Structures are given as structure tokens and as C-alpha cells.
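Asker: Can you keep this structure in mind? I'll have questions shortly.
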Amino acid sequence: MPLIVEASSLSLKDVHRHLKLEKLLNGSFTDFLSLEPISEFEQQDLLRIRSDFDRYLSEGKISEGLVKFFTIAPLMRLAGFYDVPIRLTMEDSVAIAVEDEDKRITGRMDILAVNTFQSNAAPPFWILVIETKNSAIDISEGLPQLITYAFKSLEQQSSVWGLATNGLRYQFVYLTRAQQPTYQLMPSLNLNESPDAIELLQVLKSICQLVSFQK
């Protein structure tokens, strides 16, 4: 029987070692995505999301569930993740067999967006994996879990995007499968800063639009 290891107990060092994963220098969104201007309507909707979150944040810590409710859900709707052929799932279980070690890493992804339109009965293409924390936790604490869960998709596709957030700060990660699987951290974004909030929505929209290239 393999030893079961919970993804939530891993450090980044553990992730590098177990998954033979290499960290590259931090990247830029524009290296991989085309960021388009957002409309006046989208800016107004984005402002409402920011205002709602800030109102609750000023009263104290926001739970992980409310982070999803006040920020992730409306942002993903605004970015187009609610549209066909994308399917959103929550609390999906993940199990990863560790090469050369008698271990199995397990856990549950908070949110997964997949493209269900695949020809030849191919597995759904993972578009975005999201790991959320409550507002009092630094987003860096969610990175080991996020990267571990996203790594699972590299068994069937060449790259995937991940996002760790505590509602206020957003850290995107880009994983690729090559001879040596790698990941890059993108610049972190702050929902309370207008330029960052706009870029956050632009990034989400651009990742969502990658679906058209997978049909």
C-alpha cells in the first residue's frame, strides 16, 4: 500500500521534490496571453465586486467560502467562465502517484474550470485550477496545494493555469509539461488597486478565451 500524503501538508520544496517540478523565473502575462481592454459595463461590474468585498473586509476576516462568493464567483461570471462549453466543478478529488516513491498525494481542488467540448472522447481540457484561502492567510500558503493539483492535468495536456487567492490578492501560476515539468509565477494582483483589478479581469477573460483554441 502506498503512503498517502495530503497536498495541504506539503511545502513548495516538497512539491519540487515529489513531482520533479522546476520553478522558472517569474513570468509576464503578456508572454502567454492577449490582454484586451474591458468595457465600461465590465468596469462598473468590477467596481461593485471590489466595493462589496472591501465592505466586508473592513469588518474583519472573510472566510474562504465568502471569498468564493464575493469575488471568485462574480469575477468568473464576468470573465465568461459560466458559458458553454466550460463546466465548473468544486471540491473535486485529486490523486497523484509519485514517481520513484511509494507515495500517493491526495487532496481536493476548490474550483476547477474545464472545457467539455473535446473530440474523439478525449478527457476534458483543464482551463483553470483555483485554490482559495480566507482573507487573513497569505496567498503563498496556497501555492503548494495549487501547483500539486494543477500538475495532475499535465498527464493529459501540455499546460495549465492556476490561481491562488485570498480574495484581496491574486497569484496566477503557469505550468507546462516538457522534458522537465516547470511552473512560473506571474505578477501578483491586488483587487483593491484599480489597475490591478482591471488586469485581473483581463487575465481571467484571456484564460477563458483559450477554450476556443481547444475545440
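Quick note on naming: the chains in the C-alpha cells go A, B, ... in the order shown, residues restart at 1 in each chain, and ligands are numbered from 1 in order of appearance.
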Could you give me, as a PyMOL selection string, the residues within 10 Å of region 85-97 of chain A, counting only C-alpha atoms and dropping anything in the same chain fewer than 2 positions from it?

Answerer: chain A and resi 2+4-7+18-19+76+80-83+99-118+124-130+148-152+155+208+211-212+215

Asker: Mind writing the picked residues with N, CA and C atoms as a tab-separated table (two decimals), in the first residue's frame?

Answerer:
```tsv
chain	number	residue	atom	x	y	z
A	2	PRO	N	0.59	2.20	-0.90
A	2	PRO	CA	1.39	3.43	-0.91
A	2	PRO	C	1.06	4.30	0.30
A	4	ILE	N	-0.12	7.56	1.90
A	4	ILE	CA	-1.00	8.66	1.47
A	4	ILE	C	-0.51	9.96	2.09
A	5	VAL	N	-0.26	10.95	1.24
A	5	VAL	CA	0.20	12.26	1.69
A	5	VAL	C	-0.84	13.30	1.28
A	6	GLU	N	-1.28	14.12	2.22
A	6	GLU	CA	-2.24	15.18	1.91
A	6	GLU	C	-1.52	16.37	1.28
A	7	ALA	N	-2.06	16.88	0.18
A	7	ALA	CA	-1.45	18.01	-0.50
A	7	ALA	C	-1.35	19.23	0.42
A	18	HIS	N	8.85	15.84	-4.89
A	18	HIS	CA	7.95	14.74	-5.20
A	18	HIS	C	7.55	14.70	-6.68
A	19	LEU	N	7.29	15.87	-7.25
A	19	LEU	CA	6.76	15.93	-8.61
A	19	LEU	C	7.82	16.19	-9.66
A	76	MET	N	-15.59	35.24	-12.23
A	76	MET	CA	-15.63	34.20	-13.25
A	76	MET	C	-16.85	34.36	-14.15
A	80	GLY	N	-16.62	35.17	-18.30
A	80	GLY	CA	-17.17	34.23	-19.28
A	80	GLY	C	-17.07	32.76	-18.92
A	81	PHE	N	-16.66	32.45	-17.68
A	81	PHE	CA	-16.48	31.05	-17.29
A	81	PHE	C	-17.81	30.31	-17.06
A	82	TYR	N	-18.93	31.04	-17.09
A	82	TYR	CA	-20.21	30.37	-16.91
A	82	TYR	C	-20.79	29.89	-18.24
A	83	ASP	N	-20.12	30.19	-19.34
A	83	ASP	CA	-20.66	29.90	-20.66
A	83	ASP	C	-20.26	28.50	-21.16
A	99	GLU	N	6.31	9.41	-8.70
A	99	GLU	CA	7.29	8.54	-9.36
A	99	GLU	C	8.46	8.23	-8.43
A	100	ASP	N	8.91	7.00	-8.51
A	100	ASP	CA	10.10	6.54	-7.78
A	100	ASP	C	9.92	6.58	-6.26
A	101	GLU	N	8.70	6.82	-5.80
A	101	GLU	CA	8.45	6.82	-4.36
A	101	GLU	C	7.13	6.10	-4.12
A	102	ASP	N	7.05	5.40	-3.02
A	102	ASP	CA	5.83	4.67	-2.68
A	102	ASP	C	4.88	5.61	-1.96
A	103	LYS	N	4.45	6.67	-2.69
A	103	LYS	CA	3.57	7.68	-2.10
A	103	LYS	C	2.46	8.02	-3.07
A	104	ARG	N	1.36	8.47	-2.53
A	104	ARG	CA	0.26	9.00	-3.33
A	104	ARG	C	-0.21	10.30	-2.68
A	105	ILE	N	-0.17	11.38	-3.45
A	105	ILE	CA	-0.60	12.69	-2.94
A	105	ILE	C	-2.08	12.86	-3.25
A	106	THR	N	-2.86	13.21	-2.25
A	106	THR	CA	-4.30	13.38	-2.44
A	106	THR	C	-4.74	14.74	-1.92
A	107	GLY	N	-5.89	15.18	-2.39
A	107	GLY	CA	-6.46	16.43	-1.93
A	107	GLY	C	-7.72	16.75	-2.69
A	108	ARG	N	-8.28	17.94	-2.43
A	108	ARG	CA	-9.49	18.37	-3.12
A	108	ARG	C	-9.29	19.79	-3.65
A	109	MET	N	-9.47	19.94	-4.95
A	109	MET	CA	-9.38	21.27	-5.56
A	109	MET	C	-10.60	22.10	-5.17
A	110	ASP	N	-10.38	23.38	-4.91
A	110	ASP	CA	-11.51	24.24	-4.57
A	110	ASP	C	-12.42	24.45	-5.78
A	111	ILE	N	-11.84	24.90	-6.90
A	111	ILE	CA	-12.63	25.15	-8.11
A	111	ILE	C	-11.81	24.72	-9.33
A	112	LEU	N	-12.47	24.05	-10.25
A	112	LEU	CA	-11.83	23.64	-11.50
A	112	LEU	C	-12.73	24.01	-12.66
A	113	ALA	N	-12.15	24.68	-13.66
A	113	ALA	CA	-12.87	25.00	-14.89
A	113	ALA	C	-12.30	24.15	-16.01
A	114	VAL	N	-13.17	23.41	-16.70
A	114	VAL	CA	-12.72	22.55	-17.79
A	114	VAL	C	-13.50	22.86	-19.05
A	115	ASN	N	-12.90	22.56	-20.20
A	115	ASN	CA	-13.57	22.63	-21.48
A	115	ASN	C	-14.11	21.24	-21.79
A	116	THR	N	-15.43	21.10	-21.83
A	116	THR	CA	-16.04	19.79	-22.03
A	116	THR	C	-16.17	19.42	-23.50
A	117	PHE	N	-15.89	20.38	-24.39
A	117	PHE	CA	-16.01	20.10	-25.83
A	117	PHE	C	-14.69	19.56	-26.34
A	118	GLN	N	-14.57	18.24	-26.36
A	118	GLN	CA	-13.34	17.59	-26.82
A	118	GLN	C	-13.70	16.49	-27.81
A	124	PRO	N	-11.64	15.96	-20.63
A	124	PRO	CA	-11.86	17.41	-20.61
A	124	PRO	C	-10.55	18.17	-20.41
A	125	PHE	N	-10.41	19.27	-21.13
A	125	PHE	CA	-9.20	20.09	-21.02
A	125	PHE	C	-9.34	21.01	-19.81
A	126	TRP	N	-8.35	20.94	-18.90
A	126	TRP	CA	-8.38	21.80	-17.72
A	126	TRP	C	-7.97	23.22	-18.13
A	127	ILE	N	-8.82	24.19	-17.86
A	127	ILE	CA	-8.55	25.58	-18.22
A	127	ILE	C	-7.91	26.32	-17.05
A	128	LEU	N	-8.51	26.19	-15.87
A	128	LEU	CA	-8.04	26.95	-14.71
A	128	LEU	C	-8.34	26.19	-13.43
A	129	VAL	N	-7.34	26.08	-12.57
A	129	VAL	CA	-7.48	25.47	-11.25
A	129	VAL	C	-7.36	26.60	-10.22
A	130	ILE	N	-8.28	26.65	-9.26
A	130	ILE	CA	-8.29	27.75	-8.29
A	130	ILE	C	-8.22	27.19	-6.88
A	148	THR	N	0.29	21.45	-6.94
A	148	THR	CA	0.11	19.99	-6.93
A	148	THR	C	-1.13	19.59	-7.71
A	149	TYR	N	-2.26	20.27	-7.45
A	149	TYR	CA	-3.50	19.92	-8.14
A	149	TYR	C	-3.37	20.19	-9.65
A	150	ALA	N	-2.82	21.36	-10.00
A	150	ALA	CA	-2.69	21.72	-11.42
A	150	ALA	C	-1.77	20.74	-12.14
A	151	PHE	N	-0.75	20.26	-11.44
A	151	PHE	CA	0.21	19.32	-12.03
A	151	PHE	C	-0.49	18.08	-12.57
A	152	LYS	N	-1.57	17.67	-11.92
A	152	LYS	CA	-2.31	16.47	-12.34
A	152	LYS	C	-2.74	16.57	-13.80
A	155	GLU	N	-0.77	15.29	-17.07
A	155	GLU	CA	-0.79	13.91	-17.55
A	155	GLU	C	-1.47	13.83	-18.91
A	208	CYS	N	-10.01	32.37	-20.14
A	208	CYS	CA	-11.30	31.79	-20.53
A	208	CYS	C	-11.36	31.63	-22.05
A	211	VAL	N	-10.28	28.56	-24.46
A	211	VAL	CA	-11.16	27.44	-24.79
A	211	VAL	C	-11.32	27.32	-26.30
A	212	SER	N	-11.41	28.45	-27.00
A	212	SER	CA	-11.64	28.42	-28.44
A	212	SER	C	-10.51	27.73	-29.19
A	215	LYS	N	-10.94	23.55	-29.21
A	215	LYS	CA	-12.05	22.86	-29.88
A	215	LYS	C	-11.54	22.07	-31.08
```

Asker: With a distance cut-off of 12 Å and only C-alpha atoms, select the neighbouring residues of Gly65 (chain A), excluding the residue or stretch itself and same-chain residues fewer than 4 positions from it, and output the selection as an NGL selection string.

Answerer: :A and (61 or 69-73 or 90 or 110-111 or 131-135 or 166-167)

Asker: Take the residues just selected and output them with C-alpha atoms as a short mmCIF file (atom, residue, chain, number, x, y, z; two decimals), in the first residue's frame.

Answerer:
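out-v1.cif was written with the following content:
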```cif
data_model
loop_
_atom_site.label_atom_id
_atom_site.label_comp_id
_atom_site.auth_asym_id
_atom_site.auth_seq_id
_atom_site.Cartn_x
_atom_site.Cartn_y
_atom_site.Cartn_z
CA LYS A 61 -11.50 38.37 8.33
CA PHE A 69 -18.99 34.04 -3.02
CA PHE A 70 -17.97 37.71 -3.16
CA THR A 71 -15.02 37.60 -5.55
CA ILE A 72 -14.37 34.36 -7.43
CA ALA A 73 -17.95 33.63 -8.48
CA MET A 90 -15.95 22.34 -6.84
CA ASP A 110 -11.51 24.24 -4.57
CA ILE A 111 -12.63 25.15 -8.11
CA GLU A 131 -7.20 27.45 -4.66
CA THR A 132 -8.88 29.85 -2.23
CA LYS A 133 -7.94 30.84 1.32
CA ASN A 134 -9.58 33.12 3.85
CA SER A 135 -8.60 36.78 3.71
CA ASN A 166 -7.43 35.14 -0.50
CA GLY A 167 -9.94 37.48 -2.13
#
```

Asker: What's the 9 Å shell around region 187-190 of chain A, counting only C-alpha atoms, without same-chain residues fewer than 5 positions away, as an MDAnalysis selection string?

Answerer: chainID A and resid 26:29 167:172 195:197 199:200

Asker: Output N, CA and C atoms of each residue in that selection to a file, as a tab-separated table (two decimals), in the first residue's frame.

Answerer:
```
chain	number	residue	atom	x	y	z
A	26	ASN	N	10.13	34.29	-12.59
A	26	ASN	CA	8.77	34.82	-12.72
A	26	ASN	C	8.51	35.31	-14.14
A	27	GLY	N	7.29	35.06	-14.61
A	27	GLY	CA	6.94	35.40	-15.98
A	27	GLY	C	6.06	36.63	-16.07
A	28	SER	N	5.66	36.93	-17.29
A	28	SER	CA	4.77	38.06	-17.59
A	28	SER	C	3.51	37.52	-18.25
A	29	PHE	N	2.36	38.11	-17.92
A	29	PHE	CA	1.10	37.65	-18.52
A	29	PHE	C	1.15	37.73	-20.04
A	167	GLY	N	-8.91	36.48	-1.86
A	167	GLY	CA	-9.94	37.48	-2.13
A	167	GLY	C	-9.36	38.84	-2.43
A	168	LEU	N	-8.32	39.22	-1.70
A	168	LEU	CA	-7.69	40.51	-1.92
A	168	LEU	C	-6.54	40.40	-2.92
A	169	ARG	N	-5.69	39.40	-2.74
A	169	ARG	CA	-4.53	39.22	-3.61
A	169	ARG	C	-4.71	37.98	-4.48
A	170	TYR	N	-4.19	38.06	-5.71
A	170	TYR	CA	-4.39	37.01	-6.70
A	170	TYR	C	-3.03	36.64	-7.31
A	171	GLN	N	-2.67	35.36	-7.18
A	171	GLN	CA	-1.40	34.87	-7.71
A	171	GLN	C	-1.66	33.80	-8.77
A	172	PHE	N	-1.39	34.15	-10.02
A	172	PHE	CA	-1.54	33.19	-11.11
A	172	PHE	C	-0.24	32.41	-11.28
A	195	PRO	N	-5.71	49.59	-11.23
A	195	PRO	CA	-5.01	48.97	-12.38
A	195	PRO	C	-4.89	47.46	-12.24
A	196	ASP	N	-4.63	46.99	-11.02
A	196	ASP	CA	-4.51	45.55	-10.78
A	196	ASP	C	-5.85	44.84	-11.00
A	197	ALA	N	-6.94	45.46	-10.52
A	197	ALA	CA	-8.26	44.85	-10.66
A	197	ALA	C	-8.63	44.71	-12.13
A	199	GLU	N	-6.51	44.50	-14.65
A	199	GLU	CA	-5.65	43.46	-15.23
A	199	GLU	C	-6.12	42.08	-14.80
A	200	LEU	N	-6.59	41.94	-13.57
A	200	LEU	CA	-7.11	40.67	-13.09
A	200	LEU	C	-8.24	40.19	-13.99
```

Asker: Enumerate the residues of region 19-214 of chain A with a DSSP assignment of strand (DSSP E or B), computed from the backbone, and present them as JSON, numbers by chain.

Answerer: {"A": [22, 23, 86, 87, 88, 89, 90, 91, 92, 93, 94, 95, 96, 97, 103, 104, 105, 106, 107, 108, 109, 110, 111, 112, 113, 114, 115, 125, 126, 127, 128, 129, 130, 131, 132, 159, 160, 161, 162, 163, 164, 165, 169, 170, 171, 172, 173, 174, 175, 176, 182, 183, 184, 185, 189, 190]}

Asker: Give the answer as one residue: which of A:Pro123, A:Pro144, A:Pro74, A:Pro181 has the shortest atom-to-atom distance to Glu42 (chain A), using only C-alpha atoms?

Answerer: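 Residue with the minimum atom-to-atom distance to Glu42 (chain A): A:Pro74.
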
Asker: Quick one, how far is CA of Leu35 (chain A) from CA of Met186 (chain A)?

Answerer: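 We find that CA of Leu35 (chain A) and CA of Met186 (chain A) lie 13.9 Å from each other.
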
Asker: What residues in chain A get the DSSP label helix (DSSP H, G or I)? Please answer as a PyMOL selection string.

Answerer: chain A and resi 7-9+12-19+29-31+40-57+64-79+119-121+139-155+194-213

Asker: With C-alpha atoms retained, could you export that selection as an mmCIF file, in the first residue's frame?

Answerer:
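Wrote it out as again_34.cif, contents follow:
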```
data_model
loop_
_atom_site.group_PDB
_atom_site.id
_atom_site.type_symbol
_atom_site.label_atom_id
_atom_site.label_comp_id
_atom_site.auth_asym_id
_atom_site.auth_seq_id
_atom_site.Cartn_x
_atom_site.Cartn_y
_atom_site.Cartn_z
ATOM 1 C CA ALA A 7 -1.451 18.011 -0.500
ATOM 2 C CA SER A 8 -2.302 20.524 2.241
ATOM 3 C CA SER A 9 0.698 19.290 4.249
ATOM 4 C CA LEU A 12 6.974 24.100 -2.123
ATOM 5 C CA LYS A 13 10.210 22.212 -1.516
ATOM 6 C CA ASP A 14 8.190 19.012 -1.116
ATOM 7 C CA VAL A 15 6.296 19.753 -4.339
ATOM 8 C CA HIS A 16 9.552 20.261 -6.263
ATOM 9 C CA ARG A 17 10.973 17.003 -4.928
ATOM 10 C CA HIS A 18 7.947 14.736 -5.204
ATOM 11 C CA LEU A 19 6.758 15.926 -8.607
ATOM 12 C CA PHE A 29 1.104 37.650 -18.515
ATOM 13 C CA THR A 30 1.737 39.003 -21.998
ATOM 14 C CA ASP A 31 4.231 36.210 -22.661
ATOM 15 C CA GLU A 40 -17.386 50.424 -19.364
ATOM 16 C CA PHE A 41 -20.033 47.928 -18.238
ATOM 17 C CA GLU A 42 -17.344 45.482 -17.125
ATOM 18 C CA GLN A 43 -15.529 48.247 -15.239
ATOM 19 C CA GLN A 44 -18.723 49.139 -13.374
ATOM 20 C CA ASP A 45 -19.404 45.496 -12.525
ATOM 21 C CA LEU A 46 -15.803 45.120 -11.373
ATOM 22 C CA LEU A 47 -16.182 48.170 -9.144
ATOM 23 C CA ARG A 48 -19.235 46.600 -7.476
ATOM 24 C CA ILE A 49 -17.280 43.414 -6.797
ATOM 25 C CA ARG A 50 -14.448 45.434 -5.254
ATOM 26 C CA SER A 51 -16.827 47.526 -3.147
ATOM 27 C CA ASP A 52 -18.719 44.513 -1.797
ATOM 28 C CA PHE A 53 -15.513 42.734 -0.838
ATOM 29 C CA ASP A 54 -13.947 45.835 0.717
ATOM 30 C CA ARG A 55 -17.055 46.469 2.837
ATOM 31 C CA TYR A 56 -16.832 43.015 4.393
ATOM 32 C CA LEU A 57 -13.042 43.112 4.667
ATOM 33 C CA GLU A 64 -12.864 31.062 2.443
ATOM 34 C CA GLY A 65 -16.486 30.421 1.500
ATOM 35 C CA LEU A 66 -17.315 34.125 1.356
ATOM 36 C CA VAL A 67 -14.141 34.812 -0.638
ATOM 37 C CA LYS A 68 -15.534 32.469 -3.299
ATOM 38 C CA PHE A 69 -18.995 34.044 -3.020
ATOM 39 C CA PHE A 70 -17.974 37.714 -3.160
ATOM 40 C CA THR A 71 -15.022 37.602 -5.554
ATOM 41 C CA ILE A 72 -14.374 34.357 -7.434
ATOM 42 C CA ALA A 73 -17.952 33.628 -8.480
ATOM 43 C CA PRO A 74 -18.755 37.112 -9.864
ATOM 44 C CA LEU A 75 -15.322 37.525 -11.444
ATOM 45 C CA MET A 76 -15.629 34.200 -13.248
ATOM 46 C CA ARG A 77 -19.136 35.069 -14.424
ATOM 47 C CA LEU A 78 -17.906 38.420 -15.731
ATOM 48 C CA ALA A 79 -14.941 36.753 -17.464
ATOM 49 C CA SER A 119 -13.254 15.433 -29.912
ATOM 50 C CA ASN A 120 -12.543 11.700 -30.026
ATOM 51 C CA ALA A 121 -13.722 11.227 -26.446
ATOM 52 C CA ILE A 139 -1.653 33.541 -0.811
ATOM 53 C CA SER A 140 1.803 31.954 -0.783
ATOM 54 C CA GLU A 141 0.430 29.355 1.645
ATOM 55 C CA GLY A 142 -1.932 28.115 -1.045
ATOM 56 C CA LEU A 143 0.728 27.648 -3.704
ATOM 57 C CA PRO A 144 1.890 24.101 -2.789
ATOM 58 C CA GLN A 145 -1.682 22.777 -2.988
ATOM 59 C CA LEU A 146 -2.498 24.736 -6.129
ATOM 60 C CA ILE A 147 0.611 23.621 -8.004
ATOM 61 C CA THR A 148 0.107 19.993 -6.928
ATOM 62 C CA TYR A 149 -3.496 19.924 -8.144
ATOM 63 C CA ALA A 150 -2.692 21.717 -11.417
ATOM 64 C CA PHE A 151 0.210 19.321 -12.031
ATOM 65 C CA LYS A 152 -2.310 16.474 -12.343
ATOM 66 C CA SER A 153 -3.595 17.926 -15.627
ATOM 67 C CA LEU A 154 -0.157 17.636 -17.238
ATOM 68 C CA GLU A 155 -0.794 13.909 -17.553
ATOM 69 C CA SER A 194 -7.728 49.822 -9.813
ATOM 70 C CA PRO A 195 -5.013 48.972 -12.377
ATOM 71 C CA ASP A 196 -4.515 45.545 -10.784
ATOM 72 C CA ALA A 197 -8.256 44.848 -10.659
ATOM 73 C CA ILE A 198 -8.618 45.670 -14.347
ATOM 74 C CA GLU A 199 -5.648 43.465 -15.226
ATOM 75 C CA LEU A 200 -7.112 40.666 -13.086
ATOM 76 C CA LEU A 201 -10.300 40.695 -15.146
ATOM 77 C CA GLN A 202 -8.320 40.931 -18.389
ATOM 78 C CA VAL A 203 -6.260 37.892 -17.408
ATOM 79 C CA LEU A 204 -9.324 35.850 -16.441
ATOM 80 C CA LYS A 205 -11.048 36.744 -19.716
ATOM 81 C CA SER A 206 -7.976 35.820 -21.732
ATOM 82 C CA ILE A 207 -7.595 32.457 -19.967
ATOM 83 C CA CYS A 208 -11.297 31.795 -20.534
ATOM 84 C CA GLN A 209 -10.903 32.536 -24.244
ATOM 85 C CA LEU A 210 -8.227 29.853 -24.546
ATOM 86 C CA VAL A 211 -11.159 27.443 -24.793
ATOM 87 C CA SER A 212 -11.639 28.423 -28.445
ATOM 88 C CA PHE A 213 -8.185 27.052 -29.236
#
```

Asker: I'd like the interatomic distance between CA of Gln184 (chain A) and CA of Leu21 (chain A), to a tenth of an Å.

Answerer: 10.8 Å

Asker: Rounded to one decimal, what separation in Å do you get between CA of Phe32 (chain A) and CA of Gln180 (chain A)?

Answerer: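 These two atoms are separated by 18.8 Å.
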